[in-house]
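**Q** My questions will all concern the structure given below.
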Amino acid sequence: MQSVITMRDARAPDTVLAAPPPKEATTRAVAANAARPRGAFAPMLLCSLAVLAWLAFQAWQLDAERQALQAARVALQPTLDNAAKLRSSLDALAADTQRLADSGNPNAKVLVEELRKRGITINAAGGANATPAR
Amino acid sequence: MNKIEHGIVTSLAGLALLAAATGIGLNLHNGRLRAELGQGQQYVQQSVQLEGLYREMVRALAELSARHSDEALRSLLQRHGITYNLSAAPAANAAAVPARKP
């Protein structure tokens, strides 16, 4: 009988340690989580994805802008060609008129003089450059 | 960070660097294209002004040539592909239209 009583007394403290109150267990779990080292992978992954998405979007926009600019340049090319032809014709006509005036043609002289009065000079030697003065 | 995670993040950073380089290159290229377009439009604008001058010159040369029967001026205009009708009245000579060379 004596030994049975002793065993009951020895078990009592063990039972108390194995099942602590719920509040204390939560506190220990939080402390354990705080002490565990956290990896930098997740934040770095998010940062990398954000930067990559932003830069890719910008590159896509710039590529669309480049295509629009190239289309505008192609559309402008015929107008540029016509303008160059017109300038070439004007230069040639003005140069010939100037040469004719230099050779003594009175009508060509009249025209060259009228142009000079309006601020337009013809450079026949230098490829006939007629520039309107505005 | 283990080896796989390190590889993932490094790959993403490499892609971001590539996208940044592409963006910078495209930005520079677009700037050049914009400047080129601006110059072209300015050239066309100036040419529109010069077209008026060209027409006035042709008209004046044709009028002078017709009024004074100046063969030198007539041949000059013909060399540039411009012809006019001598039978027309002097006022109608203003309608001398330059025939563009093909």
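Identifiers in this document derive from the order of the structure tokens: chains are assigned A, B, ..., residues are numbered from 1 separately in each chain, and ligands are numbered from 1 in order of occurrence.
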Taking 4 positions as the minimum chain separation for residues in the same chain, which residues sit within 7 Å of segment 1-8 of chain B when counting only C-alpha atoms? Answer as number ranges by chain.

**A** A: 39-41; B: 12

**Q** Convert the current residue selection to file output with C-alpha atoms, as a tab-separated table (two decimals), in the first residue's frame.

**A**
```
chain	number	residue	atom	x	y	z
A	39	GLY	CA	14.65	33.90	-46.34
A	40	ALA	CA	14.99	36.88	-48.69
A	41	PHE	CA	13.65	34.92	-51.63
B	12	LEU	CA	14.54	37.61	-63.35
```

**Q** Per residue of chain B within 6 Å of chain A, record the nearest atom pair and its distance in Å to one decimal, counting only C-alpha atoms, with rows in chain order and ascending residue number, as CSV.

**A**
```
residue,atom,partner,partner_atom,distance
B:Met1,CA,A:Gly39,CA,5.7
B:Val9,CA,A:Leu45,CA,5.8
B:Leu12,CA,A:Ser48,CA,5.9
B:Ala13,CA,A:Ser48,CA,5.9
B:Ala16,CA,A:Leu52,CA,4.5
B:Ala19,CA,A:Leu55,CA,5.5
B:Ala20,CA,A:Leu55,CA,5.8
B:Gly23,CA,A:Ala59,CA,4.7
B:Asn30,CA,A:Arg66,CA,5.6
B:Ser47,CA,A:Ala83,CA,5.6
B:Tyr54,CA,A:Leu90,CA,5.7
```

**Q** Please identify the helix (DSSP H, G or I) residues within segment 39-128 of chain A (assignment by DSSP from backbone atoms) and present them as a PDB file with C-alpha atoms, in the first residue's frame.

**A**
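result13.pdb was written with the following content:
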```pdb
ATOM      1  CA  PHE A  41      13.650  34.924 -51.628  1.00  0.00           C
ATOM      2  CA  ALA A  42      10.023  36.036 -51.476  1.00  0.00           C
ATOM      3  CA  PRO A  43      10.648  39.805 -51.300  1.00  0.00           C
ATOM      4  CA  MET A  44      13.401  39.644 -53.875  1.00  0.00           C
ATOM      5  CA  LEU A  45      11.178  37.645 -56.184  1.00  0.00           C
ATOM      6  CA  LEU A  46       8.393  40.185 -55.842  1.00  0.00           C
ATOM      7  CA  CYS A  47      10.771  43.079 -56.457  1.00  0.00           C
ATOM      8  CA  SER A  48      12.274  41.403 -59.494  1.00  0.00           C
ATOM      9  CA  LEU A  49       8.859  40.629 -60.929  1.00  0.00           C
ATOM     10  CA  ALA A  50       7.671  44.205 -60.388  1.00  0.00           C
ATOM     11  CA  VAL A  51      10.755  45.738 -62.020  1.00  0.00           C
ATOM     12  CA  LEU A  52      10.652  43.273 -64.883  1.00  0.00           C
ATOM     13  CA  ALA A  53       6.963  43.899 -65.533  1.00  0.00           C
ATOM     14  CA  TRP A  54       7.435  47.672 -65.521  1.00  0.00           C
ATOM     15  CA  LEU A  55      10.438  47.586 -67.845  1.00  0.00           C
ATOM     16  CA  ALA A  56       8.799  45.101 -70.195  1.00  0.00           C
ATOM     17  CA  PHE A  57       5.700  47.295 -70.390  1.00  0.00           C
ATOM     18  CA  GLN A  58       7.830  50.332 -71.189  1.00  0.00           C
ATOM     19  CA  ALA A  59       9.744  48.431 -73.856  1.00  0.00           C
ATOM     20  CA  TRP A  60       6.461  47.300 -75.393  1.00  0.00           C
ATOM     21  CA  GLN A  61       5.160  50.864 -75.474  1.00  0.00           C
ATOM     22  CA  LEU A  62       8.374  52.163 -77.005  1.00  0.00           C
ATOM     23  CA  ASP A  63       8.259  49.462 -79.654  1.00  0.00           C
ATOM     24  CA  ALA A  64       4.706  50.455 -80.559  1.00  0.00           C
ATOM     25  CA  GLU A  65       5.838  54.080 -80.770  1.00  0.00           C
ATOM     26  CA  ARG A  66       8.753  53.066 -82.995  1.00  0.00           C
ATOM     27  CA  GLN A  67       6.411  51.269 -85.372  1.00  0.00           C
ATOM     28  CA  ALA A  68       4.135  54.321 -85.554  1.00  0.00           C
ATOM     29  CA  LEU A  69       7.088  56.616 -86.240  1.00  0.00           C
ATOM     30  CA  GLN A  70       8.411  54.340 -88.958  1.00  0.00           C
ATOM     31  CA  ALA A  71       4.974  54.225 -90.581  1.00  0.00           C
ATOM     32  CA  ALA A  72       4.817  58.026 -90.479  1.00  0.00           C
ATOM     33  CA  ARG A  73       8.255  58.243 -92.059  1.00  0.00           C
ATOM     34  CA  VAL A  74       7.246  55.873 -94.850  1.00  0.00           C
ATOM     35  CA  ALA A  75       4.062  57.896 -95.420  1.00  0.00           C
ATOM     36  CA  LEU A  76       6.056  61.134 -95.571  1.00  0.00           C
ATOM     37  CA  GLN A  77       8.619  59.820 -98.058  1.00  0.00           C
ATOM     38  CA  PRO A  78       6.616  60.498-101.274  1.00  0.00           C
ATOM     39  CA  THR A  79       5.933  64.054-100.116  1.00  0.00           C
ATOM     40  CA  LEU A  80       9.625  64.512 -99.433  1.00  0.00           C
ATOM     41  CA  ASP A  81      10.486  63.200-102.885  1.00  0.00           C
ATOM     42  CA  ASN A  82       8.025  65.604-104.509  1.00  0.00           C
ATOM     43  CA  ALA A  83       9.397  68.477-102.468  1.00  0.00           C
ATOM     44  CA  ALA A  84      12.937  67.606-103.517  1.00  0.00           C
ATOM     45  CA  LYS A  85      11.861  67.479-107.176  1.00  0.00           C
ATOM     46  CA  LEU A  86      10.180  70.854-106.836  1.00  0.00           C
ATOM     47  CA  ARG A  87      13.261  72.385-105.261  1.00  0.00           C
ATOM     48  CA  SER A  88      15.450  70.914-107.935  1.00  0.00           C
ATOM     49  CA  SER A  89      13.205  72.349-110.666  1.00  0.00           C
ATOM     50  CA  LEU A  90      13.126  75.733-108.969  1.00  0.00           C
ATOM     51  CA  ASP A  91      16.881  75.774-108.526  1.00  0.00           C
ATOM     52  CA  ALA A  92      17.505  74.841-112.129  1.00  0.00           C
ATOM     53  CA  LEU A  93      15.013  77.384-113.466  1.00  0.00           C
ATOM     54  CA  ALA A  94      16.371  80.146-111.282  1.00  0.00           C
ATOM     55  CA  ALA A  95      19.958  79.322-112.230  1.00  0.00           C
ATOM     56  CA  ASP A  96      19.154  79.333-115.931  1.00  0.00           C
ATOM     57  CA  THR A  97      17.279  82.606-115.575  1.00  0.00           C
ATOM     58  CA  GLN A  98      20.229  84.122-113.743  1.00  0.00           C
ATOM     59  CA  ARG A  99      22.629  82.911-116.453  1.00  0.00           C
ATOM     60  CA  LEU A 100      20.356  84.338-119.100  1.00  0.00           C
ATOM     61  CA  ALA A 101      20.288  87.649-117.269  1.00  0.00           C
ATOM     62  CA  ASP A 102      24.068  87.576-116.937  1.00  0.00           C
ATOM     63  CA  PRO A 106      16.656  92.129-120.682  1.00  0.00           C
ATOM     64  CA  ASN A 107      13.559  90.141-119.746  1.00  0.00           C
ATOM     65  CA  ALA A 108      15.558  87.765-117.595  1.00  0.00           C
ATOM     66  CA  LYS A 109      17.208  90.797-115.994  1.00  0.00           C
ATOM     67  CA  VAL A 110      13.780  92.239-115.220  1.00  0.00           C
ATOM     68  CA  LEU A 111      12.747  89.013-113.516  1.00  0.00           C
ATOM     69  CA  VAL A 112      15.971  88.701-111.547  1.00  0.00           C
ATOM     70  CA  GLU A 113      15.675  92.315-110.445  1.00  0.00           C
ATOM     71  CA  GLU A 114      12.074  91.816-109.364  1.00  0.00           C
ATOM     72  CA  LEU A 115      13.090  88.800-107.362  1.00  0.00           C
ATOM     73  CA  ARG A 116      15.936  90.742-105.764  1.00  0.00           C
ATOM     74  CA  LYS A 117      13.501  93.500-104.773  1.00  0.00           C
TER      75      LYS A 117
END
```
